[in-house]
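Raw contents of entry.cif, mmCIF, C-alpha atoms:
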data_query
loop_
_atom_site.label_atom_id
_atom_site.label_comp_id
_atom_site.auth_asym_id
_atom_site.auth_seq_id
_atom_site.Cartn_x
_atom_site.Cartn_y
_atom_site.Cartn_z
CA MET A 1 101.86 105.17 95.75
CA THR A 2 103.38 106.28 92.44
CA ILE A 3 106.00 103.53 92.51
CA LEU A 4 103.35 100.88 93.22
CA LEU A 5 101.22 102.09 90.31
CA ALA A 6 104.31 102.07 88.10
CA ALA A 7 105.06 98.49 89.19
CA VAL A 8 101.52 97.33 88.37
CA THR A 9 101.62 99.12 85.02
CA PHE A 10 105.04 97.69 84.18
CA GLY A 11 104.03 94.20 85.31
CA PHE A 12 100.92 94.14 83.14
CA GLY A 13 102.69 95.88 80.25
CA PHE A 14 105.71 93.57 80.24
CA GLY A 15 103.51 90.54 80.78
CA TRP A 16 101.39 91.50 77.78
CA ALA A 17 104.45 92.39 75.65
CA THR A 18 105.90 88.93 76.31
CA ARG A 19 102.65 87.33 75.17
CA GLY A 20 101.22 86.77 78.61
CA SER A 21 97.50 87.02 79.21
CA ILE A 22 95.21 88.46 81.83
CA ARG A 23 93.52 85.05 81.69
CA GLY A 24 96.70 83.60 83.16
CA LEU A 25 95.78 85.27 86.44
CA GLU A 26 92.68 83.07 86.64
CA SER A 27 94.67 79.86 86.64
CA VAL A 28 97.01 80.86 89.51
CA ASP A 29 96.33 79.23 92.86
CA LEU A 30 96.64 82.48 94.82
CA ARG A 31 95.85 81.83 98.48
CA PHE A 32 93.96 84.62 100.20
CA GLY A 33 93.94 86.43 96.85
CA GLY A 34 91.18 88.84 97.80
CA ALA A 35 92.90 89.74 101.06
CA MET A 36 96.18 90.29 99.21
CA LEU A 37 94.57 92.54 96.61
CA VAL A 38 92.86 94.60 99.32
CA ALA A 39 96.01 94.78 101.48
CA VAL A 40 98.37 95.84 98.68
CA SER A 41 95.80 98.35 97.39
CA LEU A 42 95.34 99.84 100.85
CA LEU A 43 99.09 99.91 101.38
CA GLY A 44 99.32 102.22 98.37
CA ILE A 45 96.15 104.25 98.91
CA VAL A 46 95.81 104.77 102.68
CA PRO A 47 99.03 106.79 103.18
CA VAL A 48 97.90 109.48 100.73
CA LEU A 49 94.47 109.92 102.29
CA PRO A 50 94.25 113.09 104.41
CA LEU A 51 93.18 111.14 107.50
CA GLY A 52 95.49 113.10 109.77
CA ILE A 53 93.32 116.22 109.57
CA LEU A 54 90.54 114.37 111.38
CA LEU A 55 92.64 113.83 114.49
CA GLN A 56 94.66 115.95 116.88
CA ASP A 57 97.44 113.35 116.97
CA PRO A 58 97.29 111.26 113.79
CA ARG A 59 100.30 109.09 114.72
CA TRP A 60 98.00 106.40 116.11
CA LEU A 61 97.03 105.74 112.48
CA VAL A 62 100.52 104.30 111.98
CA TRP A 63 99.89 101.70 114.68
CA PHE A 64 96.21 100.92 114.20
CA LEU A 65 95.77 101.36 110.45
CA TRP A 66 99.04 101.12 108.49
CA THR A 67 100.74 98.41 110.58
CA PRO A 68 97.84 95.88 110.36
CA ILE A 69 97.63 96.48 106.60
CA ALA A 70 101.37 95.86 106.33
CA ALA A 71 101.05 92.70 108.45
CA LEU A 72 98.23 91.39 106.24
CA THR A 73 100.32 92.09 103.14
CA VAL A 74 103.32 90.21 104.56
CA PHE A 75 101.10 87.29 105.66
CA THR A 76 99.46 86.90 102.25
CA ALA A 77 102.77 87.30 100.40
CA LEU A 78 104.46 84.66 102.55
CA THR A 79 101.47 82.36 102.14
CA ASN A 80 102.02 82.65 98.36
CA ARG A 81 105.83 82.53 98.50
CA ARG A 82 105.95 79.82 95.82
CA ILE A 83 104.91 82.47 93.29
CA THR A 84 107.80 84.45 91.82
CA GLY A 85 108.00 87.92 93.38
CA MET A 86 106.04 87.26 96.57
CA LEU A 87 109.13 86.99 98.76
CA LEU A 88 110.23 90.39 97.42
CA VAL A 89 106.80 91.81 98.30
CA ALA A 90 107.12 90.45 101.85
CA ALA A 91 110.72 91.68 102.20
CA GLY A 92 109.80 95.15 100.96
CA VAL A 93 106.86 95.57 103.30
CA LEU A 94 108.88 94.17 106.23
CA ALA A 95 111.70 96.63 105.53
CA ASN A 96 109.21 99.51 105.48
CA ALA A 97 107.51 98.22 108.63
CA CYS A 98 110.80 98.04 110.53
CA VAL A 99 111.71 101.64 109.85
CA VAL A 100 108.14 102.89 110.40
CA VAL A 101 107.75 101.10 113.73
CA VAL A 102 111.08 102.22 115.24
CA ASN A 103 110.60 105.85 114.13
CA GLY A 104 106.84 106.24 114.57
CA GLY A 105 106.51 106.93 110.84
CA MET A 106 108.44 106.66 107.59
CA PRO A 107 111.42 109.03 107.78
CA VAL A 108 111.93 111.20 104.71
CA LEU A 109 115.36 112.66 103.97
CA ALA A 110 114.27 115.93 102.39
CA ALA A 111 117.83 116.79 101.33
CA ASN A 112 117.64 113.93 98.79
CA LEU A 113 114.46 115.19 97.10
CA PRO A 114 115.00 115.45 93.33
CA GLY A 115 115.24 119.08 92.30
CA ALA A 116 115.11 121.86 94.83
CA VAL A 117 113.70 121.21 98.29
CA THR A 118 110.53 123.28 98.32
CA ILE A 119 108.40 124.64 101.10
CA GLU A 120 105.51 122.65 99.62
CA GLY A 121 107.53 119.43 99.85
CA LEU A 122 108.51 120.05 103.45
CA ASP A 123 104.92 121.05 104.26
CA ALA A 124 103.63 117.80 102.74
CA ILE A 125 105.95 115.81 105.03
CA ALA A 126 104.78 117.81 108.04
CA LYS A 127 101.10 117.20 107.19
CA SER A 128 101.51 113.48 106.47
CA TRP A 129 100.35 111.10 109.18
CA LEU A 130 102.71 108.36 107.94
CA HIS A 131 105.85 110.36 107.13
CA VAL A 132 108.25 112.13 109.46
CA SER A 133 111.31 114.23 108.68
CA ALA A 134 114.58 112.35 109.03
CA THR A 135 116.79 113.76 111.75
CA ALA A 136 120.12 112.89 113.35
CA SER A 137 118.27 110.55 115.73
CA THR A 138 116.48 108.63 112.94
CA GLN A 139 117.01 104.90 113.28
CA LEU A 140 117.50 102.58 110.26
CA LEU A 141 117.94 105.58 107.93
CA VAL A 142 119.12 103.24 105.15
CA LEU A 143 115.54 101.82 105.06
CA ALA A 144 113.85 105.25 105.03
CA ASP A 145 112.67 107.29 102.04
CA VAL A 146 116.15 108.28 100.89
CA ILE A 147 116.33 107.06 97.26
CA PRO A 148 115.63 109.88 94.76
CA ILE A 149 113.11 108.99 92.05
CA PRO A 150 113.51 111.39 89.10
CA GLY A 151 110.71 112.37 86.81
CA PRO A 152 108.38 115.20 85.92
CA GLN A 153 106.83 117.43 88.57
CA GLY A 154 104.28 115.48 90.57
CA LEU A 155 105.89 112.10 89.88
CA ARG A 156 109.36 112.56 91.28
CA GLY A 157 110.06 112.02 94.93
CA LEU A 158 111.76 109.66 97.32
CA ALA A 159 111.43 105.93 97.80
CA SER A 160 112.72 103.48 100.34
CA LEU A 161 114.56 100.23 99.77
CA GLY A 162 111.33 98.53 100.87
CA ASP A 163 109.36 100.44 98.22
CA ILE A 164 111.80 99.26 95.54
CA LEU A 165 111.62 95.62 96.71
CA LEU A 166 107.81 95.81 96.90
CA ALA A 167 107.59 97.26 93.39
CA LEU A 168 109.96 94.64 91.95
CA GLY A 169 107.98 91.89 93.66
CA VAL A 170 104.60 93.12 92.43
CA ALA A 171 105.85 93.58 88.86
CA SER A 172 107.58 90.19 88.69
CA ALA A 173 104.60 88.41 90.27
CA LEU A 174 102.22 89.94 87.72
CA VAL A 175 104.46 89.00 84.78
CA LYS A 176 104.85 85.43 86.05
CA MET A 177 101.13 85.06 86.76
CA MET A 178 100.22 86.37 83.30
CA HIS A 179 102.24 83.44 81.94
CA ALA A 180 100.58 80.93 84.28
CA ASN A 181 99.07 79.04 81.35
CA ASP A 182 102.60 78.61 79.96
CA SER A 183 103.83 76.85 83.13
CA ALA A 184 102.68 75.62 86.51
CA VAL A 185 102.77 78.97 88.32
CA GLY A 186 101.26 78.58 91.76
CA SER A 187 99.98 75.13 91.01
CA ASN A 188 100.08 72.38 93.54
CA THR A 189 102.99 70.24 92.33
CA ASP A 190 103.63 68.18 95.46
CA GLY A 191 100.53 66.01 95.03
CA ALA A 192 98.92 67.21 98.28
CA ALA A 193 95.32 68.31 98.29
#

What's the structure tokens form of this structure?
Amino acid sequence: MTILLAAVTFGFGFGWATRGSIRGLESVDLRFGGAMLVAVSLLGIVPVLPLGILLQDPRWLVWFLWTPIAALTVFTALTNRRITGMLLVAAGVLANACVVVVNGGMPVLAANLPGAVTIEGLDAIAKSWLHVSATASTQLLVLADVIPIPGPQGLRGLASLGDILLALGVASALVKMMHANDSAVGSNTDGAA
């Protein structure tokens, strides 16, 4: 979730610094915009909710909660693919979905955690309903949470290639949409109704 918040912050910040405007977002023809906002928000928020403590086997949340949210995100991003960054959003979520589906959760390579691997960090993985520890039998490890993200305590961690693509897509889409009044971002240019 931290990387998604950083992407939104960077997108708005860079958009504003380059003389973009929040009002630019109003002029973008974003299809299923409400669904996209809800889906991307849930994609960032739902995994950190302690939903697993409510269930004996929380893994079904991966299939019946996270996967449909990911599918909705990919659908809305592909529907808006003409907007800069949306294909990156779709690619990032698809990469995460592939590794989550084949492993029953997002594998985390604890050995790559920035700083010392702590008991608290390993315990957080064990308690997560979306994350699983990476093992020798982990499939698609290159798409798992293996990329160290440095920073102060509480902000550092691991990200996946999909997380990076998603963040780049969100940030670039926000910047481009903030400049929508400067160009025809998301406008219907083919003359069709």

*Determine the nearest neighbour of Val28 in chain A from the options A:Ala159, A:Ala111, A:Leu88, A:Arg82, counting all atoms listed in the file.*
A:Arg82

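Of the residues listed (A:Thr9, A:Ser27, A:Ser133, A:Thr18), A:Ser27 shows the shortest atom-to-atom separation from Met177 in chain A; distances use all atoms listed in the file.
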
I'd like the residues picked by the PyMOL selection byres ((chain A and resi 148) around 8) written out as a short mmCIF file (atom, residue, chain, number, x, y, z; two decimals) with C-alpha atoms, in the frame of the given file, using the chain letters and numbers from the file.
data_model
loop_
_atom_site.label_atom_id
_atom_site.label_comp_id
_atom_site.auth_asym_id
_atom_site.auth_seq_id
_atom_site.Cartn_x
_atom_site.Cartn_y
_atom_site.Cartn_z
CA ASN A 112 117.64 113.93 98.79
CA LEU A 113 114.46 115.19 97.10
CA PRO A 114 115.00 115.45 93.33
CA VAL A 146 116.15 108.28 100.89
CA ILE A 147 116.33 107.06 97.26
CA ILE A 149 113.11 108.99 92.05
CA PRO A 150 113.51 111.39 89.10
CA ARG A 156 109.36 112.56 91.28
CA GLY A 157 110.06 112.02 94.93
CA LEU A 158 111.76 109.66 97.32
CA ALA A 159 111.43 105.93 97.80
#

*Counting only C-alpha atoms, figure out which residue out of A:Trp66, A:Leu143, A:Pro107, A:Gly20 gets nearest to Gly44 in chain A.*
A:Trp66

*the PyMOL selection byres ((chain A and resi 77) around 12) on the file shown: which residues, as a PyMOL selection string?*
chain A and resi 30-37+39-40+70-76+78-94+166+169-170+173

Show me, as a JSON list (two decimals) with C-alpha atoms, in the frame of the given file, the residues that have an atom within 12 Å of range 137-139 of chain A when counting only C-alpha atoms, minus same-chain residues fewer than 5 positions from it.
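Result written to around.json:
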[["chain", "number", "residue", "atom", "x", "y", "z"],
["A", 98, "CYS", "CA", 110.80, 98.04, 110.53],
["A", 99, "VAL", "CA", 111.71, 101.64, 109.85],
["A", 100, "VAL", "CA", 108.14, 102.89, 110.40],
["A", 101, "VAL", "CA", 107.75, 101.10, 113.73],
["A", 102, "VAL", "CA", 111.08, 102.22, 115.24],
["A", 103, "ASN", "CA", 110.60, 105.85, 114.13],
["A", 104, "GLY", "CA", 106.84, 106.24, 114.57],
["A", 105, "GLY", "CA", 106.51, 106.93, 110.84],
["A", 106, "MET", "CA", 108.44, 106.66, 107.59],
["A", 107, "PRO", "CA", 111.42, 109.03, 107.78],
["A", 108, "VAL", "CA", 111.93, 111.20, 104.71],
["A", 109, "LEU", "CA", 115.36, 112.66, 103.97],
["A", 132, "VAL", "CA", 108.25, 112.13, 109.46],
["A", 144, "ALA", "CA", 113.85, 105.25, 105.03],
["A", 145, "ASP", "CA", 112.67, 107.29, 102.04]]

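Note that the spacing between CA of Leu140 in chain A and CA of Arg59 in chain A amounts to 18.9 Å.
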
*Between CA of Glu26 in chain A and CA of Asp163 in chain A - distance in Å to one decimal*: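 Distance reported for this atom pair: 26.7 Å.
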
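For the residues A:Leu43, A:Ile22, A:Ala6, A:Leu161, ranking by smallest atom-to-atom distance to Pro68 in chain A using only C-alpha atoms places A:Leu43 first.
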
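We find CA of Asn96 in chain A and CA of Gly162 in chain A to be spaced 5.2 Å apart.
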
*Determine the residue membership of the PyMOL selection byres ((chain A and resi 171) around 7) for the file above and supply it as JSON, numbers by chain.*
{"A": [7, 8, 10, 11, 167, 168, 169, 170, 172, 173, 174, 175]}

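Using only C-alpha atoms, the protein and nucleic acid residues lying no more than 12 Å from Leu51 in chain A, apart from those fewer than 5 places from it along its own chain, are Ile45, Val46, Gln56, Asp57, Pro58, Arg59, Trp60, Leu61, Val62, Leu65, Trp66, Lys127, Ser128, Trp129 and Leu130 of chain A.
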
*Counting only C-alpha atoms, which of A:Pro47, A:Asn181, A:Pro152, A:Ile53 gets nearest to Asp29 in chain A?*
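Ranked by minimum distance to Asp29 in chain A, first place goes to A:Asn181.
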